$ cat structure-v8.txt   # compact mmCIF, C-alpha atoms and all ligand atoms
# COMPACT_ATOMS: atom_id res chain seq x y z
CA MET C 30 136.76 57.42 112.30
CA THR C 31 139.27 60.24 112.91
CA ASN C 32 138.20 62.60 115.61
CA ALA C 33 137.82 66.24 114.65
CA LEU C 34 139.55 67.21 117.86
CA GLU C 35 141.73 65.34 120.29
CA VAL C 36 142.98 67.47 123.11
CA THR C 37 145.11 66.03 125.88
CA ASP C 38 146.08 67.76 129.10
CA LEU C 39 146.20 71.16 127.43
CA ARG C 40 147.68 73.91 129.57
CA LYS C 41 148.16 77.60 129.11
CA SER C 42 149.57 80.10 131.57
CA TYR C 43 149.70 83.80 130.92
CA GLY C 44 152.29 84.81 133.44
CA GLY C 45 150.59 84.10 136.75
CA VAL C 46 147.19 83.27 135.26
CA ASP C 47 146.51 79.61 134.51
CA ALA C 48 143.88 79.94 131.82
CA LEU C 49 143.90 76.22 130.92
CA LYS C 50 144.81 73.74 133.63
CA GLY C 51 144.98 70.42 131.80
CA VAL C 52 142.03 70.27 129.43
CA SER C 53 141.33 66.94 127.74
CA LEU C 54 138.52 66.66 125.21
CA THR C 55 137.54 64.58 122.22
CA VAL C 56 135.18 65.93 119.60
CA PRO C 57 134.00 63.27 117.15
CA GLU C 58 133.90 64.13 113.48
CA GLY C 59 130.47 65.39 112.45
CA SER C 60 129.29 66.38 115.89
CA PHE C 61 127.83 69.67 117.02
CA PHE C 62 129.84 70.30 120.15
CA GLY C 63 129.26 73.05 122.69
CA LEU C 64 131.90 74.59 124.89
CA LEU C 65 130.20 76.31 127.78
CA GLY C 66 131.72 78.20 130.62
CA PRO C 67 131.43 81.42 132.56
CA ASN C 68 133.52 84.48 131.72
CA GLY C 69 137.19 83.73 132.06
CA ALA C 70 136.72 79.95 131.97
CA GLY C 71 139.33 79.61 129.21
CA LYS C 72 137.14 79.06 126.14
CA THR C 73 138.79 81.66 123.98
CA THR C 74 142.25 80.59 125.05
CA PHE C 75 141.32 77.03 124.09
CA ILE C 76 140.19 78.17 120.64
CA ASN C 77 143.26 80.36 120.21
CA VAL C 78 145.49 77.38 120.85
CA LEU C 79 143.60 75.34 118.24
CA VAL C 80 143.98 77.98 115.57
CA GLY C 81 147.62 78.65 116.36
CA LEU C 82 147.23 82.09 117.90
CA VAL C 83 148.43 81.12 121.32
CA ARG C 84 151.13 78.63 122.15
CA ALA C 85 150.11 76.07 124.75
CA SER C 86 152.27 75.77 127.84
CA GLY C 87 151.77 72.00 127.86
CA GLY C 88 149.73 69.11 126.51
CA SER C 89 148.67 68.61 122.93
CA ALA C 90 145.83 69.33 120.53
CA ARG C 91 145.18 67.54 117.26
CA VAL C 92 142.76 68.60 114.55
CA PHE C 93 141.77 65.65 112.36
CA GLY C 94 144.94 63.97 113.52
CA HIS C 95 147.23 66.96 112.87
CA ASP C 96 149.05 68.50 115.78
CA VAL C 97 148.20 72.20 115.98
CA GLU C 98 151.85 73.14 116.48
CA ASP C 99 153.89 70.50 114.68
CA ASP C 100 151.52 70.25 111.71
CA TYR C 101 150.24 73.79 111.95
CA ARG C 102 149.42 74.25 108.28
CA GLU C 103 147.50 70.98 107.91
CA ALA C 104 145.58 71.55 111.11
CA ARG C 105 144.81 75.18 110.35
CA ASP C 106 143.59 74.47 106.83
CA ARG C 107 140.85 72.23 108.24
CA ILE C 108 139.47 74.95 110.53
CA GLY C 109 137.19 77.90 109.83
CA VAL C 110 136.71 80.23 112.77
CA ALA C 111 134.21 82.99 113.35
CA PRO C 112 135.72 84.87 116.28
CA GLN C 113 133.91 86.89 118.90
CA GLU C 114 135.62 90.10 117.93
CA PHE C 115 135.98 91.57 114.47
CA ASN C 116 139.50 91.32 113.15
CA VAL C 117 138.95 92.18 109.55
CA ASP C 118 140.84 94.14 106.98
CA ARG C 119 138.34 96.96 106.85
CA PHE C 120 139.63 98.89 103.84
CA PHE C 121 138.85 96.38 101.12
CA PRO C 122 135.58 95.27 99.53
CA ILE C 123 134.38 92.31 101.51
CA HIS C 124 134.50 89.92 98.58
CA GLU C 125 138.20 90.72 98.18
CA VAL C 126 138.82 89.97 101.83
CA LEU C 127 137.23 86.57 101.31
CA GLU C 128 139.20 85.92 98.14
CA HIS C 129 142.44 86.72 99.95
CA LYS C 130 141.45 84.41 102.75
CA ALA C 131 140.69 81.50 100.41
CA GLY C 132 143.84 82.24 98.40
CA TYR C 133 145.92 82.10 101.54
CA HIS C 134 144.61 78.62 102.16
CA GLY C 135 145.76 77.49 98.72
CA VAL C 136 142.59 78.00 96.71
CA SER C 137 143.07 79.20 93.11
CA HIS C 138 142.05 82.76 92.21
CA GLU C 139 139.08 81.70 90.13
CA GLU C 140 137.82 79.22 92.69
CA ALA C 141 138.36 81.78 95.47
CA ALA C 142 136.11 84.28 93.67
CA GLU C 143 133.40 81.65 93.30
CA ARG C 144 133.68 80.64 96.92
CA ALA C 145 133.54 84.25 98.07
CA ASP C 146 130.29 84.71 96.15
CA ARG C 147 128.87 81.48 97.54
CA ALA C 148 129.77 82.36 101.12
CA LEU C 149 128.31 85.85 100.84
CA ARG C 150 125.10 84.42 99.38
CA ALA C 151 124.91 81.80 102.12
CA VAL C 152 124.97 84.47 104.82
CA GLY C 153 122.65 86.80 102.90
CA ILE C 154 124.93 89.77 102.19
CA HIS C 155 125.90 89.15 98.59
CA ASP C 156 124.44 92.51 97.58
CA LYS C 157 127.08 94.12 99.81
CA ARG C 158 129.99 92.39 98.14
CA GLU C 159 131.61 95.65 96.98
CA THR C 160 131.20 97.32 100.37
CA ARG C 161 134.08 97.54 102.78
CA PHE C 162 133.71 95.91 106.18
CA ASP C 163 133.55 99.21 108.06
CA TRP C 164 130.40 100.19 106.25
CA LEU C 165 128.41 97.09 107.09
CA SER C 166 125.82 97.20 109.88
CA GLY C 167 126.61 95.31 113.09
CA GLY C 168 124.48 92.33 112.07
CA MET C 169 126.03 92.25 108.60
CA LYS C 170 129.48 92.26 110.17
CA ARG C 171 128.49 89.21 112.18
CA ARG C 172 127.23 87.54 108.99
CA PHE C 173 130.47 88.43 107.27
CA MET C 174 132.51 86.78 110.02
CA LEU C 175 130.65 83.58 109.32
CA ALA C 176 131.19 83.95 105.57
CA ARG C 177 134.89 84.31 106.18
CA ALA C 178 134.92 81.17 108.28
CA LEU C 179 133.09 79.33 105.51
CA VAL C 180 135.12 80.47 102.53
CA THR C 181 137.80 77.87 103.14
CA GLU C 182 135.10 75.17 103.29
CA PRO C 183 136.35 73.96 106.66
CA ASP C 184 135.82 70.53 108.15
CA LEU C 185 135.78 72.05 111.61
CA LEU C 186 133.80 75.24 112.04
CA ILE C 187 134.54 77.09 115.26
CA LEU C 188 132.03 79.69 116.34
CA ASP C 189 133.03 81.80 119.31
CA GLU C 190 129.86 83.42 120.62
CA PRO C 191 128.48 84.03 117.15
CA SER C 192 125.11 85.22 118.37
CA ALA C 193 126.31 87.74 120.93
CA GLY C 194 124.30 90.89 120.42
CA VAL C 195 122.55 89.83 117.22
CA ASP C 196 118.84 90.14 116.55
CA VAL C 197 116.40 87.25 116.57
CA GLN C 198 116.17 86.98 112.81
CA LEU C 199 119.92 86.79 112.34
CA ARG C 200 120.22 84.28 115.13
CA ARG C 201 117.67 82.04 113.45
CA ASP C 202 119.32 82.41 110.03
CA LEU C 203 122.66 81.67 111.60
CA TRP C 204 121.46 78.51 113.27
CA ASP C 205 119.62 77.29 110.19
CA LEU C 206 122.77 77.70 108.16
CA VAL C 207 125.07 76.12 110.71
CA THR C 208 122.68 73.23 111.34
CA GLU C 209 122.55 72.57 107.61
CA LEU C 210 126.35 72.59 107.39
CA ASN C 211 126.53 70.21 110.31
CA GLU C 212 124.01 67.88 108.67
CA ARG C 213 126.21 67.85 105.60
CA GLY C 214 129.15 66.71 107.71
CA THR C 215 130.90 69.80 109.05
CA THR C 216 131.93 69.42 112.68
CA VAL C 217 130.88 72.45 114.70
CA LEU C 218 132.50 73.70 117.89
CA LEU C 219 130.37 76.40 119.47
CA THR C 220 130.94 78.61 122.47
CA THR C 221 127.94 80.52 123.65
CA HIS C 222 126.50 82.21 126.70
CA TYR C 223 123.00 81.47 125.42
CA ILE C 224 122.69 78.12 127.11
CA GLU C 225 119.33 77.38 125.51
CA GLU C 226 121.10 77.50 122.14
CA ALA C 227 123.47 74.80 123.25
CA GLU C 228 120.58 72.81 124.69
CA ARG C 229 118.79 72.90 121.35
CA LEU C 230 121.70 72.53 118.95
CA CYS C 231 124.50 70.53 120.51
CA ASP C 232 124.91 66.74 120.58
CA GLU C 233 127.38 67.13 123.38
CA VAL C 234 128.62 69.92 125.58
CA ALA C 235 131.70 70.36 127.69
CA ILE C 236 131.43 72.62 130.69
CA LEU C 237 134.64 74.46 131.32
CA ASP C 238 135.28 76.38 134.51
CA GLN C 239 138.44 78.07 135.70
CA GLY C 240 140.51 76.32 133.08
CA ARG C 241 139.23 72.80 133.74
CA VAL C 242 136.66 70.58 132.10
CA ILE C 243 134.02 69.86 134.70
CA THR C 244 131.99 67.50 132.60
CA VAL C 245 131.24 66.36 129.05
CA ALA C 246 127.78 65.03 128.30
CA SER C 247 124.77 65.46 126.07
CA PRO C 248 122.40 68.26 127.11
CA ASP C 249 119.81 65.59 128.03
CA GLU C 250 122.24 63.71 130.24
CA LEU C 251 123.18 66.93 131.97
CA MET C 252 119.58 67.90 132.53
CA ASP C 253 118.95 64.49 134.05
CA ARG C 254 121.51 65.40 136.68
CA GLY C 255 119.55 68.49 137.72
CA ALA C 256 116.39 68.42 139.80
CA ASP C 257 112.98 68.69 138.10
CA ARG C 258 109.83 69.86 139.82
CA VAL C 259 106.74 67.67 139.73
CA VAL C 260 103.74 69.73 140.81
CA VAL C 261 100.51 67.86 141.56
CA THR C 262 97.38 69.83 142.42
CA LEU C 263 95.23 67.79 144.83
CA ARG C 264 91.45 67.99 145.32
CA ASP C 265 91.69 67.49 149.12
CA PRO C 266 95.27 68.15 150.16
CA PRO C 267 96.50 66.94 153.54
CA ALA C 268 97.29 69.51 156.23
CA THR C 269 101.03 68.77 156.12
CA VAL C 270 103.41 66.71 154.02
CA GLY C 271 103.81 64.46 157.06
CA ASP C 272 100.22 63.33 156.63
CA LEU C 273 101.04 61.75 153.29
CA PRO C 274 101.93 58.04 153.28
CA THR C 275 105.74 57.94 153.40
CA ASP C 276 106.08 55.37 150.62
CA LEU C 277 104.67 57.93 148.20
CA THR C 278 107.88 59.86 148.10
CA ASP C 279 110.18 57.08 149.15
CA ASP C 280 112.30 57.24 146.04
CA ASP C 281 116.06 57.81 145.85
CA ARG C 282 115.50 60.35 143.12
CA VAL C 283 113.27 62.54 145.30
CA GLU C 284 115.15 65.40 146.95
CA ASP C 285 112.41 67.44 148.53
CA VAL C 286 108.63 67.44 149.08
CA THR C 287 106.59 70.49 150.04
CA LEU C 288 102.94 71.49 150.14
CA GLU C 289 101.99 74.88 148.76
CA GLY C 290 98.24 75.07 149.43
CA PRO C 291 96.63 72.40 147.27
CA ARG C 292 99.87 71.85 145.34
CA LEU C 293 102.22 69.06 146.22
CA VAL C 294 105.67 70.02 144.94
CA VAL C 295 108.15 67.18 144.55
CA THR C 296 111.71 68.08 143.60
CA ALA C 297 113.38 65.08 142.00
CA ARG C 298 115.96 64.00 139.49
CA GLN C 299 114.36 62.49 136.40
CA GLY C 300 111.00 64.00 137.31
CA GLY C 301 109.44 62.55 134.17
CA LEU C 302 110.02 59.06 135.54
CA VAL C 303 109.13 59.88 139.14
CA ALA C 304 105.78 61.50 138.20
CA PRO C 305 103.89 58.36 137.06
CA ASP C 306 104.86 56.49 140.26
CA LEU C 307 103.78 59.45 142.32
CA VAL C 308 100.45 59.73 140.53
CA ARG C 309 99.76 56.01 140.93
CA GLY C 310 100.61 56.22 144.65
CA LEU C 311 98.37 59.22 145.23
CA ASP C 312 95.56 57.55 143.34
CA ARG C 313 95.96 54.34 145.33
CA THR C 314 95.76 56.22 148.61
CA GLY C 315 92.64 58.08 147.56
CA TYR C 316 93.95 61.53 146.67
CA GLY C 317 92.08 63.07 143.77
CA ILE C 318 94.36 64.79 141.27
CA LEU C 319 93.23 67.98 139.57
CA ASP C 320 96.38 68.80 137.67
CA LEU C 321 99.90 67.57 137.04
CA GLU C 322 102.82 69.59 135.78
CA ILE C 323 106.45 68.58 135.31
CA LYS C 324 108.91 71.43 135.16
CA ARG C 325 112.09 70.07 133.79
CA THR C 326 115.35 71.56 134.96
CA SER C 327 116.99 73.58 132.23
CA LEU C 328 120.53 73.18 131.03
CA GLU C 329 121.04 76.71 132.24
CA GLU C 330 120.15 75.73 135.82
CA VAL C 331 122.51 72.77 135.68
CA PHE C 332 125.20 74.96 134.20
CA VAL C 333 124.79 77.60 136.90
CA SER C 334 124.91 75.07 139.71
CA MET C 335 127.99 73.39 138.25
CA THR C 336 129.94 76.56 137.71
CA ARG C 337 128.92 78.54 140.77
CA ASP C 338 131.81 79.16 143.10
CA ASP C 339 131.73 80.71 146.55
CA GLY C 340 132.29 84.19 145.29
CA GLY C 341 129.76 83.70 142.53
CA VAL C 342 132.32 84.82 139.98
CA SER C 343 134.74 82.44 138.43
CA ASP C 344 136.72 84.80 136.29
CA ALA C 345 140.29 84.67 137.49
CA GLY C 346 140.68 88.17 136.15
CA VAL C 347 137.79 89.47 138.21
CA ASN C 348 139.24 87.77 141.24
CA GLY C 349 142.39 89.67 140.75
CA ALA C 350 144.59 86.91 139.35
CA ASP C 351 144.83 88.59 136.00
CA GLY C 352 147.99 90.40 136.93
CA GLY C 353 146.89 93.37 134.86
CA ALA C 354 147.91 91.58 131.71
CA ASP C 355 147.22 93.07 128.36
CA ARG C 356 144.34 90.76 127.78
CA ASN C 357 143.69 89.51 124.30
CA GLU C 358 140.14 90.70 123.96
CA SER C 359 140.01 89.75 120.35
CA VAL C 360 139.51 86.13 119.45
CA ASP C 361 141.14 86.24 116.15
CA ASP C 362 140.87 84.26 113.03
CA ALA C 363 144.44 83.17 113.37
CA ASP C 364 145.20 85.42 110.47
CA GLU C 365 147.78 87.34 112.41
CA PRO C 366 149.28 85.07 114.97
CA ASP C 367 152.27 87.20 115.71
CA LEU C 368 150.17 90.26 116.36
CA VAL C 369 148.20 88.90 119.25
CA ALA C 370 148.48 90.49 122.63
CA ASP C 371 149.41 87.64 124.86
CA GLY C 372 150.34 89.64 127.84
CA GLY C 373 153.73 90.19 126.25
CA ARG C 374 154.97 87.00 127.81
CA GLY C 375 156.05 85.07 124.82
CA GLY C 376 152.88 83.09 124.16
CA GLU C 377 152.46 84.31 120.62
CA ILE C 378 153.27 82.04 117.78
CA ASP C 379 155.24 83.09 114.80
CA HIS C 380 154.60 80.63 112.01
CA GLY C 381 157.70 81.31 110.06
CA GLY C 382 158.55 84.93 110.68
CA GLU C 383 155.91 86.51 108.50
CA SER C 384 152.46 86.97 109.94
CA GLU C 385 149.66 85.09 108.29
CA TYR C 386 147.83 88.32 108.03
CA GLU C 387 150.55 89.82 105.88
CA LYS C 388 150.81 86.75 103.70
CA GLU C 389 147.13 86.44 103.28
CA SER C 390 146.05 89.97 102.58
CA GLY C 391 149.16 91.15 100.89
CA HIS C 392 149.10 94.20 103.14
CA GLY C 393 151.73 94.78 105.72
CA ASP C 394 149.67 96.85 108.06
CA ASP C 395 146.07 97.86 108.14
CA GLY C 396 146.72 100.65 110.52
CA GLY C 397 145.36 98.69 113.41
CA HIS C 398 147.12 95.37 113.28
CA GLY C 399 144.32 93.43 111.81
CA GLY C 400 141.60 95.84 112.67
CA HIS C 401 140.75 94.80 116.21
CA GLU C 402 137.58 96.50 117.12
P1 LIG A 501 134.69 84.96 128.10
O1 LIG A 501 133.47 84.10 128.21
O2 LIG A 501 134.63 86.15 129.03
O3 LIG A 501 135.05 85.34 126.68
P2 LIG A 501 136.73 82.87 128.19
O4 LIG A 501 136.15 81.62 128.75
O5 LIG A 501 136.84 82.96 126.72
O6 LIG A 501 135.93 84.12 128.75
P3 LIG A 501 139.56 83.45 128.26
O7 LIG A 501 139.43 84.69 127.43
O8 LIG A 501 140.19 82.27 127.62
O9 LIG A 501 138.15 83.04 128.89
O10 LIG A 501 140.36 83.82 129.57
C1 LIG A 501 140.79 82.87 130.53
C2 LIG A 501 141.69 83.56 131.55
O11 LIG A 501 142.90 83.92 130.94
C3 LIG A 501 141.10 84.84 132.14
O12 LIG A 501 141.47 84.92 133.49
C4 LIG A 501 141.78 85.93 131.36
O13 LIG A 501 141.87 87.11 132.09
C5 LIG A 501 143.14 85.32 131.07
N1 LIG A 501 143.72 85.81 129.81
C6 LIG A 501 143.20 85.65 128.56
N2 LIG A 501 144.01 86.20 127.63
C7 LIG A 501 145.06 86.72 128.31
C8 LIG A 501 146.25 87.41 127.92
N3 LIG A 501 146.53 87.65 126.65
N4 LIG A 501 147.11 87.79 128.90
C9 LIG A 501 146.85 87.51 130.19
N5 LIG A 501 145.76 86.86 130.63
C10 LIG A 501 144.88 86.47 129.70
$ encode --input "structure-v8.txt" --output "structure tokens" --more "lines below"
Ligand code: ATP
Amino acid sequence: MTNALEVTDLRKSYGGVDALKGVSLTVPEGSFFGLLGPNGAGKTTFINVLVGLVRASGGSARVFGHDVEDDYREARDRIGVAPQEFNVDRFFPIHEVLEHKAGYHGVSHEEAAERADRALRAVGIHDKRETRFDWLSGGMKRRFMLARALVTEPDLLILDEPSAGVDVQLRRDLWDLVTELNERGTTVLLTTHYIEEAERLCDEVAILDQGRVITVASPDELMDRGADRVVVTLRDPPATVGDLPTDLTDDDRVEDVTLEGPRLVVTARQGGLVAPDLVRGLDRTGYGILDLEIKRTSLEEVFVSMTRDDGGVSDAGVNGADGGADRNESVDDADEPDLVADGGRGGEIDHGGESEYEKESGHGDDGGHGGHE
């Protein structure tokens, strides 16, 4: 099976800032893959390289076997991206924006109109089809970004923090829709700061920190690496932990044992497996058990412990390594690759002289170079 993504030793430097320091990742076709990392970890840069907005300084990235630079068109046609920031032509009815987008990717006019309708229905804003982007509410704008990613019927759907600042209902709708797409075969690459979303949705997550992949694993595997808490409430607790038979907690997985009144608190990896042994041991040695609770470590706790650095902040920019660069705040749709602020250091990609944005929309300038919010 072809992998949706094959990334090898990918590097990107913006002047003095090394945003990607040799990232290697494989995302199998059909998977729901999470890319997690603190602010400044390099997630957006990674996505921008995939969609041809930013030129890598080294390494390679292939989308369904197509190199994102050498086979730009083939690679790009397979991807739909819903960026963090809104980069939409705001002066046209939203269905027209979608039709332009599909047309740019080689879809016939008639088919593009049908797809635009389908995408707007899928995200629940079909009744707004004649409205221009500016006049949509914040939540509708977010829905529209997803519709635009879907209108090309991509094989790889990239969602860069799609649920940032959206209400509960929209978040649920969004995840229902994306889960359904994934079940029908679309590969999903998701970046999110809502770790519980990744825990629930993703088959696999990569944790990125300071431009490097720290680990790739399923949420369950990662949680197994964190410490759970097994809390046993005893009828007649001993005076101190030392009074307990030592073999009770003599387990490599146990990291700590404390007594909090009648509660024996055992901190251990794979607490769900440690608990039965513990209960049997306590029972054997005559301790009556009133209650047992296993508090599993969350992916968020594992994430925090893996990405915590001494200063507690891992954003190179915050640490002053940003060099005052004109940061690309807008994770674009790759519709205007030559308009991206890349610190003015030659990282932008010009796919043939004319910006995609111009080709796609038929408009040279929207007054704001793609309408960055
Ligand atoms: P967040 O979660 O905050 O969106 P991120 O993981 O997406 O962060 P990036 O936006 O890829 O991180 O940034 C990685 C590093 O590269 C940061 O130090 C950032 O300041 C720097 N950077 C990003 N874009 C540019 C640019 N155009 N010019 C200079 N530095 C940049």
$ atom_distance --input "structure-v8.txt" --atom1 "atom CA of C:Arg298" --atom2 "atom CA of C:Leu64"
24.1 Å
$ residues_around --input "structure-v8.txt" --residues "C:Val260" --least-positions-apart "3" --cutoff "7 Å" --atoms "all atoms listed in the file" --output "MDAnalysis selection string"
chainID C and resid 292:295 321:323
$ write_last_selection --input "structure-v8.txt" --atoms "C-alpha atoms" --output "PDB file, in the frame of the given file"
ATOM      1  CA  ARG C 292      99.870  71.850 145.340  1.00  0.00           C
ATOM      2  CA  LEU C 293     102.220  69.060 146.220  1.00  0.00           C
ATOM      3  CA  VAL C 294     105.670  70.020 144.940  1.00  0.00           C
ATOM      4  CA  VAL C 295     108.150  67.180 144.550  1.00  0.00           C
ATOM      5  CA  LEU C 321      99.900  67.570 137.040  1.00  0.00           C
ATOM      6  CA  GLU C 322     102.820  69.590 135.780  1.00  0.00           C
ATOM      7  CA  ILE C 323     106.450  68.580 135.310  1.00  0.00           C
TER       8      ILE C 323
END
$ closest_residue --input "structure-v8.txt" --among "C:Leu54, C:Val242, C:Val217, C:Leu34" --to "ligand LIG 501 (chain A)" --atoms "all atoms listed in the file"
C:Val242
$ closest_residue --input "structure-v8.txt" --among "C:Val180, C:Ala131, C:Val92, C:Leu328" --to "C:Val234" --atoms "all atoms listed in the file"
C:Leu328
$ residues_around --input "structure-v8.txt" --residues "C:Ala111" --least-positions-apart "6" --cutoff "8 Å" --atoms "all atoms listed in the file" --output "PyMOL selection string"
chain C and resi 174-175+177-178+186-189+191+362
$ atom_distance --input "structure-v8.txt" --atom1 "atom O3 of ligand LIG 501 (chain A)" --atom2 "atom CA of C:Gly94"
27.0 Å
$ atom_distance --input "structure-v8.txt" --atom1 "atom CA of C:Val110" --atom2 "atom N4 of ligand LIG 501 (chain A)"
20.6 Å
$ closest_residue --input "structure-v8.txt" --among "C:Thr73, C:Thr220, C:Ser42, C:Thr31" --to "ligand LIG 501 (chain A)" --atoms "all atoms listed in the file"
C:Thr73
$ closest_residue --input "structure-v8.txt" --among "C:Leu82, C:Leu218, C:Ala268, C:Val195" --to "C:Gly167" --atoms "all atoms listed in the file"
C:Val195
